[in-house]
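Read the structure below first, then the notes.
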Amino acid sequence: MNTTENPICELRALSDVIKSSLDKIEAVLQSISKPFPSLDDTSTPELDVVRLIPEIFRASEDVIAAAGQLTAAIRVPALNVGIDCGSAQISTCIRVAIQTHVSEIIREADNKGVHVKDIAKASSTGIDPGKLARVLRLLCTRHIFREVSPDVFTNNRISSTLDTGKSVAQIVKDVHAKHDDTSGFAASIEMATDELMKSSSYLPETLFDPKTASSGEPNTAAFTKAHHTSQSFYAWFDLPGHEYNARRFNMAMKGLRSPMASEAMRQSYDWKSLPEGSVVIDVGGGTGYYTLQLVEAFTHLNYIVQDRESVIEEAAPIWEKLQADAIRSGKVKLQAHNILAPQPVQAPAIFFLRTVLHNWSTAYCIKILRNLRDAAGPNTKLLLADAIVLHACDEDGADYDLPGYTPAKASGPLLANKGAANILNYIMDMNMLSTLNGAERTIVEWRDMLKEAGWQIVHASRSVAAEFYGSGLLAVPA
Ligand SMILES: C[S@@+](CC[C@H](N)C(=O)[O-])C[C@H]1O[C@@H](n2cnc3c(N)ncnc32)[C@H](O)[C@@H]1O
């Protein structure tokens, strides 16, 4: 009997996926004598490293996909959609918690429970404790923080990721510097719950407005309606009054480096094979946190980080602090450059773009890629670290015949794209659409767009880090 004849069989099949995947995880952990990190634990993030072991990561994806599908199948449909439509509230509450410094306040109390009145007082924000308790209770119900007794809250593994690591006294002294010199992860979450969330709420108005419906211009995206501006996302950061937003964005880019994405990037190309002194250009490289990792790993290469003038100005003191010698010796150059203008450096070994093209509509991407193609030499390689979006159904056929690329294929009862396990890519796609009229792309969209700009993909990989922009495309001049 198949699952559509007897839906309970589908539920059982999903629960079998969960059970067999957990068996796999347990077997790997036993073989290396490591524990699985507990949700309630707040101890070292190093414990989480086991999640990145490829077998564990894959099995965890299956658990997440199956659990998400099981929840959707078993819950009353109207409740499913009702909960999803209200999930913006979760985003809002996460921002309130970050801006009330709740994780840091609890950490300073040794992660023992702290009464909400004391949290509110320590935050120096003037927030009403009764309202904060309700904010935190919603988050606890989503397993972010724990309510250990009525109105007493503590961190768990998820809420601890919102901790900047700074002291509360230091944060309260200069709240606008909260994210400076941190890992940047909390900055990325705060930015997502602010500019990105606000933009998203105006997406329908933008999609149905005949003036903006088919536009690919960055300054007609929902962001502009949400922020009452005619400026695009990046131009808005440069306006007076948005200094905090701009600083937070640049730190957020640092925070979106995951260990897996960094590893995927180092493995995505045989950097060691490049001759001494070869030039690698990190185009739209932000303040250069990815280049920093390459500089540390591959000392025989020269690097140029290109970005908007204001970002390069912010990058200078960061590099002065972390890699002053590399700047002084000329091994690393920081260069203000508009990617819509002709590329000033000719025939480098590598043009490297990480999560840059997803900011732009296809017409703009073609312009950016043509500028790079015009400056490329016969041996220049184009390396793109961006998402490769899967359809939510099987992807069979010749269209997907690209070296290194494995088309999506459903295994057992799971969605081909592993649903809940991969949802971040689709959320990011909507973030790109609503902030800049940008897009995450399928492999066929990437192939066609690159071809149009004079590049040919020679390798495409969706790594285990696909959720964290670990996917990579290698292209050569066509
Ligand atoms: C999503 S961020 C990615 C940053 C960096 N590659 C990383 O992965 O952390 C996109 C970058 O493109 C830069 N950018 C946007 N418009 C640009 C332009 N016209 N010229 C140069 N850089 C630009 C932004 O300032 C930002 O640093």
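Going through the structure tokens in order, the chains are called A, B, and so on, while each chain numbers its residues from 1 and the ligands are numbered from 1 in the order shown.
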
Quick one: residues within 8 Å of Ala460 (chain A), only C-alpha atoms counted, chain neighbours fewer than 3 positions away excluded, as a list in words? Leu402, Pro403, Gly404, Tyr405, Ile457, Ser471, Gly472, Leu473 and Leu474 of chain A

Could you please write out, as JSON, numbers by chain, every residue of region 48-250 of chain A that DSSP assigns to strand (DSSP E or B)? {"A": [114, 115, 146, 147, 148, 149, 152, 153, 154]}

Store the residues picked out above in a file with C-alpha atoms, as a CSV table (one decimal), in the first residue's frame.
```
chain,number,residue,atom,x,y,z
A,114,VAL,CA,17.5,35.5,36.2
A,115,HIS,CA,14.1,37.1,37.1
A,146,ARG,CA,14.3,28.5,28.9
A,147,GLU,CA,11.8,29.6,31.5
A,148,VAL,CA,13.0,27.7,34.5
A,149,SER,CA,10.4,28.9,36.9
A,152,VAL,CA,12.8,33.4,35.6
A,153,PHE,CA,14.8,32.8,32.4
A,154,THR,CA,18.0,31.2,31.4
```

So the first atom is CA of Ala235 (chain A) and the second is CA of Met428 (chain A); what is the distance between them in Å, to one decimal place?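 So the two atoms, CA of Ala235 (chain A) and CA of Met428 (chain A), lie 20.4 Å apart.
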
Go through A:Gly330, A:Gly284, A:Pro407, A:Pro342 and flag the residue nearest ligand 1, using only C-alpha atoms and all ligand atoms for the distances.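 Ranked by minimum distance to ligand 1, first place goes to A:Gly284.
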
Per-residue nearest contacts region 13-37 of chain A to region 409-413 of chain A, cut-off 12 Å, using only C-alpha atoms, as CSV:
```
residue,atom,partner,partner_atom,distance
A:Ala13,CA,A:Pro413,CA,6.6
A:Leu14,CA,A:Pro413,CA,6.5
A:Ser15,CA,A:Pro413,CA,10.2
A:Asp16,CA,A:Pro413,CA,10.1
A:Val17,CA,A:Gly412,CA,8.4
A:Ile18,CA,A:Pro413,CA,11.5
```

Can you work out which one of A:Thr355, A:Ser232, A:Thr71, A:Ser200 has the shortest atom-to-atom distance to ligand 1, counting only C-alpha atoms and all ligand atoms?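 Looking only at the distances to ligand 1, the closest residue turns out to be A:Thr355.
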
Within 8 Å of ligand 1 (counting only C-alpha atoms and all ligand atoms), which residues show up? I'd like them as a short mmCIF file (atom, residue, chain, number, x, y, z; two decimals) with N, CA and C atoms, in the first residue's frame.
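The result, stored in out_9.cif:
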```cif
data_model
loop_
_atom_site.label_atom_id
_atom_site.label_comp_id
_atom_site.auth_asym_id
_atom_site.auth_seq_id
_atom_site.Cartn_x
_atom_site.Cartn_y
_atom_site.Cartn_z
N TYR A 234 22.18 49.53 -0.02
CA TYR A 234 23.55 49.91 0.27
C TYR A 234 23.74 51.43 0.28
N ASN A 250 28.26 45.35 8.29
CA ASN A 250 29.61 44.83 8.00
C ASN A 250 30.03 43.76 9.00
N MET A 253 28.32 40.48 8.12
CA MET A 253 28.95 39.69 7.06
C MET A 253 30.05 38.80 7.64
N LYS A 254 30.75 39.35 8.65
CA LYS A 254 31.74 38.52 9.33
C LYS A 254 31.03 37.35 10.04
N LEU A 256 28.42 35.83 9.28
CA LEU A 256 27.83 34.79 8.42
C LEU A 256 28.89 33.83 7.88
N ARG A 257 30.14 33.98 8.38
CA ARG A 257 31.12 32.95 8.06
C ARG A 257 30.80 31.79 8.99
N ASP A 282 39.03 39.69 -4.20
CA ASP A 282 37.78 39.43 -3.48
C ASP A 282 36.84 40.58 -3.85
N VAL A 283 36.02 40.36 -4.86
CA VAL A 283 35.18 41.43 -5.41
C VAL A 283 33.91 41.56 -4.55
N GLY A 284 33.66 42.78 -4.05
CA GLY A 284 32.53 42.95 -3.11
C GLY A 284 32.85 42.19 -1.82
N GLY A 285 34.11 42.29 -1.42
CA GLY A 285 34.60 41.46 -0.31
C GLY A 285 34.27 41.98 1.08
N GLY A 286 33.47 43.06 1.16
CA GLY A 286 33.14 43.63 2.47
C GLY A 286 34.42 44.14 3.12
N THR A 287 34.54 43.96 4.44
CA THR A 287 35.77 44.41 5.10
C THR A 287 36.87 43.35 4.97
N GLY A 288 36.57 42.26 4.27
CA GLY A 288 37.64 41.32 3.89
C GLY A 288 37.83 40.13 4.81
N TYR A 289 36.77 39.75 5.56
CA TYR A 289 36.95 38.65 6.51
C TYR A 289 37.24 37.32 5.82
N TYR A 290 36.73 37.13 4.60
CA TYR A 290 37.04 35.87 3.90
C TYR A 290 38.47 35.89 3.40
N GLN A 306 38.05 44.39 -2.83
CA GLN A 306 37.35 45.54 -3.43
C GLN A 306 35.94 45.66 -2.85
N ASP A 307 35.57 46.89 -2.51
CA ASP A 307 34.19 47.11 -2.06
C ASP A 307 33.88 48.59 -2.18
N ARG A 308 32.72 49.01 -1.72
CA ARG A 308 32.33 50.42 -1.76
C ARG A 308 33.29 51.22 -0.88
N VAL A 311 32.94 51.10 2.89
CA VAL A 311 33.29 49.80 3.49
C VAL A 311 34.81 49.65 3.55
N ALA A 336 38.83 50.72 -3.08
CA ALA A 336 37.45 51.14 -3.33
C ALA A 336 37.16 50.96 -4.82
N HIS A 337 36.09 50.25 -5.11
CA HIS A 337 35.75 50.01 -6.53
C HIS A 337 34.25 49.73 -6.64
N ASN A 338 33.62 50.36 -7.63
CA ASN A 338 32.21 50.12 -7.90
C ASN A 338 32.10 48.97 -8.89
N ILE A 339 31.47 47.87 -8.47
CA ILE A 339 31.44 46.69 -9.34
C ILE A 339 30.62 46.90 -10.61
N LEU A 340 29.90 48.01 -10.69
CA LEU A 340 29.16 48.27 -11.92
C LEU A 340 30.04 48.99 -12.94
N LEU A 353 33.93 35.92 -5.69
CA LEU A 353 32.75 36.70 -5.24
C LEU A 353 31.94 35.82 -4.30
N ARG A 354 31.84 36.25 -3.07
CA ARG A 354 31.04 35.48 -2.12
C ARG A 354 29.78 36.28 -1.76
N THR A 355 28.65 35.66 -1.99
CA THR A 355 27.34 36.25 -1.70
C THR A 355 27.25 37.71 -2.16
N VAL A 356 27.79 37.96 -3.34
CA VAL A 356 27.67 39.29 -3.93
C VAL A 356 26.56 39.28 -4.98
N LEU A 357 26.59 38.28 -5.86
CA LEU A 357 25.63 38.30 -6.98
C LEU A 357 24.20 38.08 -6.51
N HIS A 358 24.02 37.46 -5.34
CA HIS A 358 22.63 37.27 -4.88
C HIS A 358 21.96 38.60 -4.52
N ASN A 359 22.77 39.65 -4.42
CA ASN A 359 22.21 40.99 -4.14
C ASN A 359 21.60 41.64 -5.38
#
```

Those in region 231-335 of chain A with alpha helix (DSSP H) from DSSP, as a PyMOL selection string: chain A and resi 233-237+243-255+259-267+289-297+309-328

Near region 188-199 of chain A, within 6 Å and counting only C-alpha atoms, which residues show up once chain neighbours fewer than 4 positions away are dropped, as a PyMOL selection string? chain A and resi 91+95+222-223+226+252+434-435

Selected residues, all heavy atoms, written as a short mmCIF file (atom, residue, chain, number, x, y, z; two decimals), in the first residue's frame, please.
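Output saved as selection-v2.cif:
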```cif
data_model
loop_
_atom_site.label_atom_id
_atom_site.label_comp_id
_atom_site.auth_asym_id
_atom_site.auth_seq_id
_atom_site.Cartn_x
_atom_site.Cartn_y
_atom_site.Cartn_z
N SER A 91 10.58 36.66 14.87
CA SER A 91 11.68 37.52 14.44
C SER A 91 11.74 38.78 15.30
O SER A 91 12.80 39.16 15.80
CB SER A 91 11.42 37.86 12.96
OG SER A 91 12.38 38.70 12.46
N ARG A 95 14.74 40.20 18.07
CA ARG A 95 15.42 41.51 18.10
C ARG A 95 15.27 42.17 19.46
O ARG A 95 16.22 42.76 19.99
CB ARG A 95 14.90 42.44 16.98
CG ARG A 95 15.60 43.80 17.04
CD ARG A 95 15.79 44.40 15.68
NE ARG A 95 14.55 44.90 15.13
CZ ARG A 95 14.14 46.16 15.24
NH1 ARG A 95 14.86 47.05 15.91
NH2 ARG A 95 13.01 46.54 14.69
N ALA A 222 11.21 46.29 -2.04
CA ALA A 222 10.33 46.55 -0.90
C ALA A 222 11.05 47.34 0.20
O ALA A 222 10.42 48.11 0.94
CB ALA A 222 9.80 45.23 -0.34
N PHE A 223 12.36 47.16 0.31
CA PHE A 223 13.16 47.90 1.31
C PHE A 223 12.84 49.39 1.27
O PHE A 223 12.72 50.04 2.31
CB PHE A 223 14.66 47.69 1.01
CG PHE A 223 15.56 48.57 1.82
CD1 PHE A 223 15.95 48.22 3.10
CD2 PHE A 223 16.01 49.79 1.30
CE1 PHE A 223 16.77 49.06 3.85
CE2 PHE A 223 16.82 50.63 2.04
CZ PHE A 223 17.20 50.26 3.33
N ALA A 226 9.52 50.18 2.84
CA ALA A 226 9.56 49.95 4.28
C ALA A 226 10.35 51.05 5.00
O ALA A 226 10.04 51.38 6.15
CB ALA A 226 10.20 48.59 4.57
N ALA A 252 27.88 41.86 10.48
CA ALA A 252 27.00 40.72 10.15
C ALA A 252 27.63 39.85 9.08
O ALA A 252 27.54 38.63 9.12
CB ALA A 252 25.63 41.23 9.70
N SER A 434 13.29 41.16 -1.39
CA SER A 434 12.66 42.31 -0.75
C SER A 434 13.64 43.43 -0.42
O SER A 434 13.22 44.58 -0.36
CB SER A 434 11.85 41.90 0.48
OG SER A 434 12.46 40.91 1.21
N THR A 435 14.92 43.12 -0.26
CA THR A 435 15.83 44.24 0.05
C THR A 435 16.42 44.88 -1.20
O THR A 435 16.66 46.08 -1.23
CB THR A 435 17.01 43.80 0.96
OG1 THR A 435 17.57 42.61 0.43
CG2 THR A 435 16.57 43.56 2.36
#
```

Selection near Ile144 (chain A), 8 Å with only C-alpha atoms, sequence-local residues under 6 positions removed, as a PyMOL selection string: chain A and resi 155-159

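Going from CA of Leu139 (chain A) over to CA of Ala187 (chain A), you cover 18.3 Å.
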